[in-house]
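*Asks:* Have a look at the structure that comes next, please.
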Amino acid sequence: MPRPKSFDENAVLDQAVELFRERGYEGTSLADLELHLGLGRQSLYNAFGDKQGLFLRALERYRRAVRGEAFAHLDASGAGLDAIRTFFRATVESLTSPGPRRACLVASTILERGSQDADALLSCNHARAELERAFRRALARAKTRGELARDLDVEATATLLVIQGYGLSVLAKTGATAAELHAAVEVLLAGLG
């Protein structure tokens, strides 16, 4: 009879998210996971199947956490251009906070695993579509209130904002400063009016 789990699965997934954000999938070995998570290989296999299973569960946990945090501003009643600006400010602050640079796990996964991991790519595509819909809703509200140019293409602009978000993540990982990233966001947002 198998022993009951003696660890908090959500806490383990949160730790795995941080490790995968910092090192990527390929840069994270099973030994790294054992050491960082404080679990033996057999416990990891029993709980998550294998490294890929753990990664997919961590990616899903990350998606849900980011969706809850990010969409709170974008989906708030009356959210418009200010909510989009708040989203990007929070994103830049998160990406450039002190400590090891950690990129957005979705953006990193698309770059690292996209063409070779159909399950991870599907999860990332869901995350991208959710973010794009949230931007689309906020842009539509802003356009209705006259905060944006009347002829602004909301669909294309929502896609552009997703591209900007993922691009910020990549640049932050290379060492771009918060000031540089904030300036890029402001240039983009100024062009919407």
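Chain labels run A, B, ... following the order of the structure tokens; each chain numbers its residues from 1, and ligands are numbered from 1 in the order shown.
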Quick one: which range 75-97 of chain A residues come within 8 Å of range 127-149 of chain A, and what is the nearest atom pair for each with the distance in Å to one decimal, counting only C-alpha atoms, rows ordered by chain and ascending number, as CSV?
*Replies:*
```
residue,atom,partner,partner_atom,distance
A:Asp75,CA,A:Ala134,CA,6.6
A:Gly78,CA,A:Arg141,CA,6.9
A:Ala79,CA,A:Ala138,CA,5.6
A:Gly80,CA,A:Ala142,CA,4.4
A:Leu81,CA,A:Ala142,CA,5.7
A:Ala83,CA,A:Ala138,CA,7.4
A:Ile84,CA,A:Ala138,CA,7.2
```
*Asks:* Put those residues in a file: C-alpha atoms, as a short mmCIF file (atom, residue, chain, number, x, y, z; two decimals), in the first residue's frame.
*Replies:*
```cif
data_model
loop_
_atom_site.label_atom_id
_atom_site.label_comp_id
_atom_site.auth_asym_id
_atom_site.auth_seq_id
_atom_site.Cartn_x
_atom_site.Cartn_y
_atom_site.Cartn_z
CA ASP A 75 -11.22 42.92 -16.01
CA GLY A 78 -14.52 50.31 -16.13
CA ALA A 79 -10.96 49.15 -16.81
CA GLY A 80 -9.45 50.88 -19.81
CA LEU A 81 -6.12 52.41 -20.75
CA ALA A 83 -5.67 49.31 -16.36
CA ILE A 84 -3.46 48.34 -19.30
#
```
*Asks:* If you count only C-alpha atoms, which residues fall within 7 Å of range 41-53 of chain A, apart from same-chain ones fewer than 4 positions away, as an NGL selection string?
*Replies:* :A and (30 or 34 or 57)
*Asks:* Would you write out those residues with C-alpha atoms, as a tab-separated table (two decimals), in the first residue's frame?
*Replies:*
```tsv
chain	number	residue	atom	x	y	z
A	30	LEU	CA	15.82	15.95	-11.90
A	34	GLU	CA	14.99	17.00	-5.92
A	57	ARG	CA	1.39	21.00	-13.67
```
*Asks:* I'd like the contact shell of Pro98 in chain A - 12 Å cut-off, only C-alpha atoms, skipping same-chain residues fewer than 5 positions apart - returned as an NGL selection string.
*Replies:* :A and (92-93 or 172 or 175 or 177-178)
*Asks:* Could the residues in this selection be saved with N, CA and C atoms as a short mmCIF file (atom, residue, chain, number, x, y, z; two decimals), in the first residue's frame?
*Replies:*
```cif
data_model
loop_
_atom_site.label_atom_id
_atom_site.label_comp_id
_atom_site.auth_asym_id
_atom_site.auth_seq_id
_atom_site.Cartn_x
_atom_site.Cartn_y
_atom_site.Cartn_z
N VAL A 92 6.54 44.79 -15.46
CA VAL A 92 7.94 45.23 -15.45
C VAL A 92 8.53 45.09 -14.05
N GLU A 93 7.78 45.51 -13.04
CA GLU A 93 8.29 45.41 -11.67
C GLU A 93 8.55 43.95 -11.28
N ALA A 172 13.87 41.51 -20.22
CA ALA A 172 14.21 41.53 -18.80
C ALA A 172 15.19 40.42 -18.47
N GLY A 175 18.71 41.32 -19.02
CA GLY A 175 19.29 42.34 -18.16
C GLY A 175 18.78 43.74 -18.40
N THR A 177 16.88 47.10 -17.96
CA THR A 177 16.48 47.72 -16.69
C THR A 177 14.98 48.01 -16.68
N ALA A 178 14.48 48.24 -15.49
CA ALA A 178 13.07 48.61 -15.34
C ALA A 178 12.80 49.91 -16.09
#
```
*Asks:* Which of these residues is nearest to Gly99 in chain A, using only C-alpha atoms: A:Ser169, A:Glu18, A:Phe55, A:Leu121?
*Replies:*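 That would be A:Glu18, the residue with the smallest distance to Gly99 in chain A.
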*Asks:* Considering only C-alpha atoms, return as number ranges by chain whatever protein or nucleic-acid residues lie within 10 Å of Arg85 in chain A, sequence-local ones (same chain, fewer than 5 positions apart) excluded.
*Replies:* A: 73-74, 80, 90-91, 182, 185-186, 189
*Asks:* Tell me, as a VMD selection string, which residues lie within 9 Å of Glu26 in chain A, counting only C-alpha atoms; anything in the same chain fewer than 5 positions away does not count.
*Replies:* chain A and resid 20 112 to 113
*Asks:* Do you know which residues are at most 8 Å from Thr109 in chain A counting only C-alpha atoms, after dropping those on the same chain fewer than 4 positions away, and could you put them as a list of chain:residue names?
*Replies:*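 Surrounding residues, per the criterion: A:Gly24, A:Tyr25, A:Leu105, A:Arg113, A:Gly114, A:Ala120, A:Leu121, A:Cys124.
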*Asks:* For the residues in that selection, give me N, CA and C atoms as a PDB file, in the first residue's frame.
*Replies:*
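Writing the result to out.pdb gives the following:
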```
ATOM      1  N   GLY A  24      14.592  27.416 -16.910  1.00  0.00           N
ATOM      2  CA  GLY A  24      13.979  26.791 -18.075  1.00  0.00           C
ATOM      3  C   GLY A  24      13.808  25.299 -17.865  1.00  0.00           C
ATOM      4  N   TYR A  25      13.120  24.668 -18.804  1.00  0.00           N
ATOM      5  CA  TYR A  25      12.870  23.231 -18.702  1.00  0.00           C
ATOM      6  C   TYR A  25      14.166  22.451 -18.869  1.00  0.00           C
ATOM      7  N   LEU A 105       6.994  32.452 -17.472  1.00  0.00           N
ATOM      8  CA  LEU A 105       7.121  31.026 -17.788  1.00  0.00           C
ATOM      9  C   LEU A 105       6.441  30.686 -19.108  1.00  0.00           C
ATOM     10  N   ARG A 113      10.281  25.361 -25.721  1.00  0.00           N
ATOM     11  CA  ARG A 113       9.646  24.058 -25.916  1.00  0.00           C
ATOM     12  C   ARG A 113       8.575  24.044 -27.004  1.00  0.00           C
ATOM     13  N   GLY A 114       8.204  25.203 -27.507  1.00  0.00           N
ATOM     14  CA  GLY A 114       7.050  25.336 -28.387  1.00  0.00           C
ATOM     15  C   GLY A 114       6.947  24.338 -29.513  1.00  0.00           C
ATOM     16  N   ALA A 120       2.696  21.459 -23.760  1.00  0.00           N
ATOM     17  CA  ALA A 120       3.102  22.751 -23.205  1.00  0.00           C
ATOM     18  C   ALA A 120       2.660  23.877 -24.127  1.00  0.00           C
ATOM     19  N   LEU A 121       2.797  23.682 -25.431  1.00  0.00           N
ATOM     20  CA  LEU A 121       2.387  24.720 -26.376  1.00  0.00           C
ATOM     21  C   LEU A 121       0.887  24.977 -26.291  1.00  0.00           C
ATOM     22  N   CYS A 124       0.302  27.100 -23.304  1.00  0.00           N
ATOM     23  CA  CYS A 124       0.767  28.467 -23.574  1.00  0.00           C
ATOM     24  C   CYS A 124      -0.185  29.205 -24.504  1.00  0.00           C
TER      25      CYS A 124
END
```
*Asks:* Quick one: everything within 12 Å of Arg23 in chain A, counting only C-alpha atoms, minus sequence neighbours fewer than 4 positions away in the same chain. Send it as a VMD selection string.
*Replies:* chain A and resid 16 to 19 27 to 29 32 to 33 100 to 105 108 to 109 112 173
*Asks:* For Ala107 in chain A, which of A:Val162, A:Val154, A:Ala58, A:Leu188 is the closest residue, counting only C-alpha atoms?
*Replies:*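 Of A:Val162, A:Val154, A:Ala58, A:Leu188, the one nearest Ala107 in chain A is A:Val162, counting only C-alpha atoms.
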*Asks:* Enter the distance from CA of Leu59 in chain A to CA of Ala11 in chain A, in Å, rounded to one decimal.
*Replies:*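 About the pair CA of Leu59 in chain A and CA of Ala11 in chain A: they are 13.8 Å apart.
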*Asks:* If you run DSSP on the backbone here, which positions in range 49-86 of chain A get helix (DSSP H, G or I)? Please write them as a PyMOL selection string.
*Replies:* chain A and resi 51-74+81-86
*Asks:* Next, the residues of the selection above should be written as a JSON list (two decimals), in the first residue's frame with C-alpha atoms.
*Replies:*
```json
[["chain", "number", "residue", "atom", "x", "y", "z"],
["A", 51, "LYS", "CA", 9.69, 15.74, -15.08],
["A", 52, "GLN", "CA", 7.34, 16.54, -17.97],
["A", 53, "GLY", "CA", 4.28, 15.88, -15.81],
["A", 54, "LEU", "CA", 5.65, 18.15, -13.07],
["A", 55, "PHE", "CA", 6.47, 20.83, -15.63],
["A", 56, "LEU", "CA", 2.97, 20.78, -17.13],
["A", 57, "ARG", "CA", 1.39, 21.00, -13.67],
["A", 58, "ALA", "CA", 3.73, 23.87, -12.73],
["A", 59, "LEU", "CA", 2.93, 25.66, -16.00],
["A", 60, "GLU", "CA", -0.79, 25.33, -15.32],
["A", 61, "ARG", "CA", -0.36, 26.62, -11.75],
["A", 62, "TYR", "CA", 1.62, 29.59, -13.08],
["A", 63, "ARG", "CA", -1.05, 30.33, -15.70],
["A", 64, "ARG", "CA", -3.78, 30.39, -13.07],
["A", 65, "ALA", "CA", -1.78, 32.57, -10.68],
["A", 66, "VAL", "CA", -0.87, 35.09, -13.38],
["A", 67, "ARG", "CA", -4.40, 35.13, -14.73],
["A", 68, "GLY", "CA", -5.75, 35.92, -11.28],
["A", 69, "GLU", "CA", -3.25, 38.72, -10.62],
["A", 70, "ALA", "CA", -3.03, 40.28, -14.07],
["A", 71, "PHE", "CA", -6.67, 40.07, -15.00],
["A", 72, "ALA", "CA", -7.82, 41.69, -11.77],
["A", 73, "HIS", "CA", -6.83, 45.06, -13.26],
["A", 74, "LEU", "CA", -7.81, 44.35, -16.85],
["A", 81, "LEU", "CA", -6.12, 52.41, -20.75],
["A", 82, "ASP", "CA", -5.10, 53.00, -17.12],
["A", 83, "ALA", "CA", -5.67, 49.31, -16.36],
["A", 84, "ILE", "CA", -3.46, 48.34, -19.30],
["A", 85, "ARG", "CA", -0.77, 50.71, -18.07],
["A", 86, "THR", "CA", -1.09, 49.23, -14.54]]
```
*Asks:* In Å, with one decimal, what is the gap from CA of Glu155 in chain A to CA of Phe88 in chain A?
*Replies:* 18.4 Å
*Asks:* What does the structure give for the distance between CA of Asn10 in chain A and CA of Leu39 in chain A, in Å to one decimal?
*Replies:*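 So the two atoms, CA of Asn10 in chain A and CA of Leu39 in chain A, lie 13.5 Å apart.
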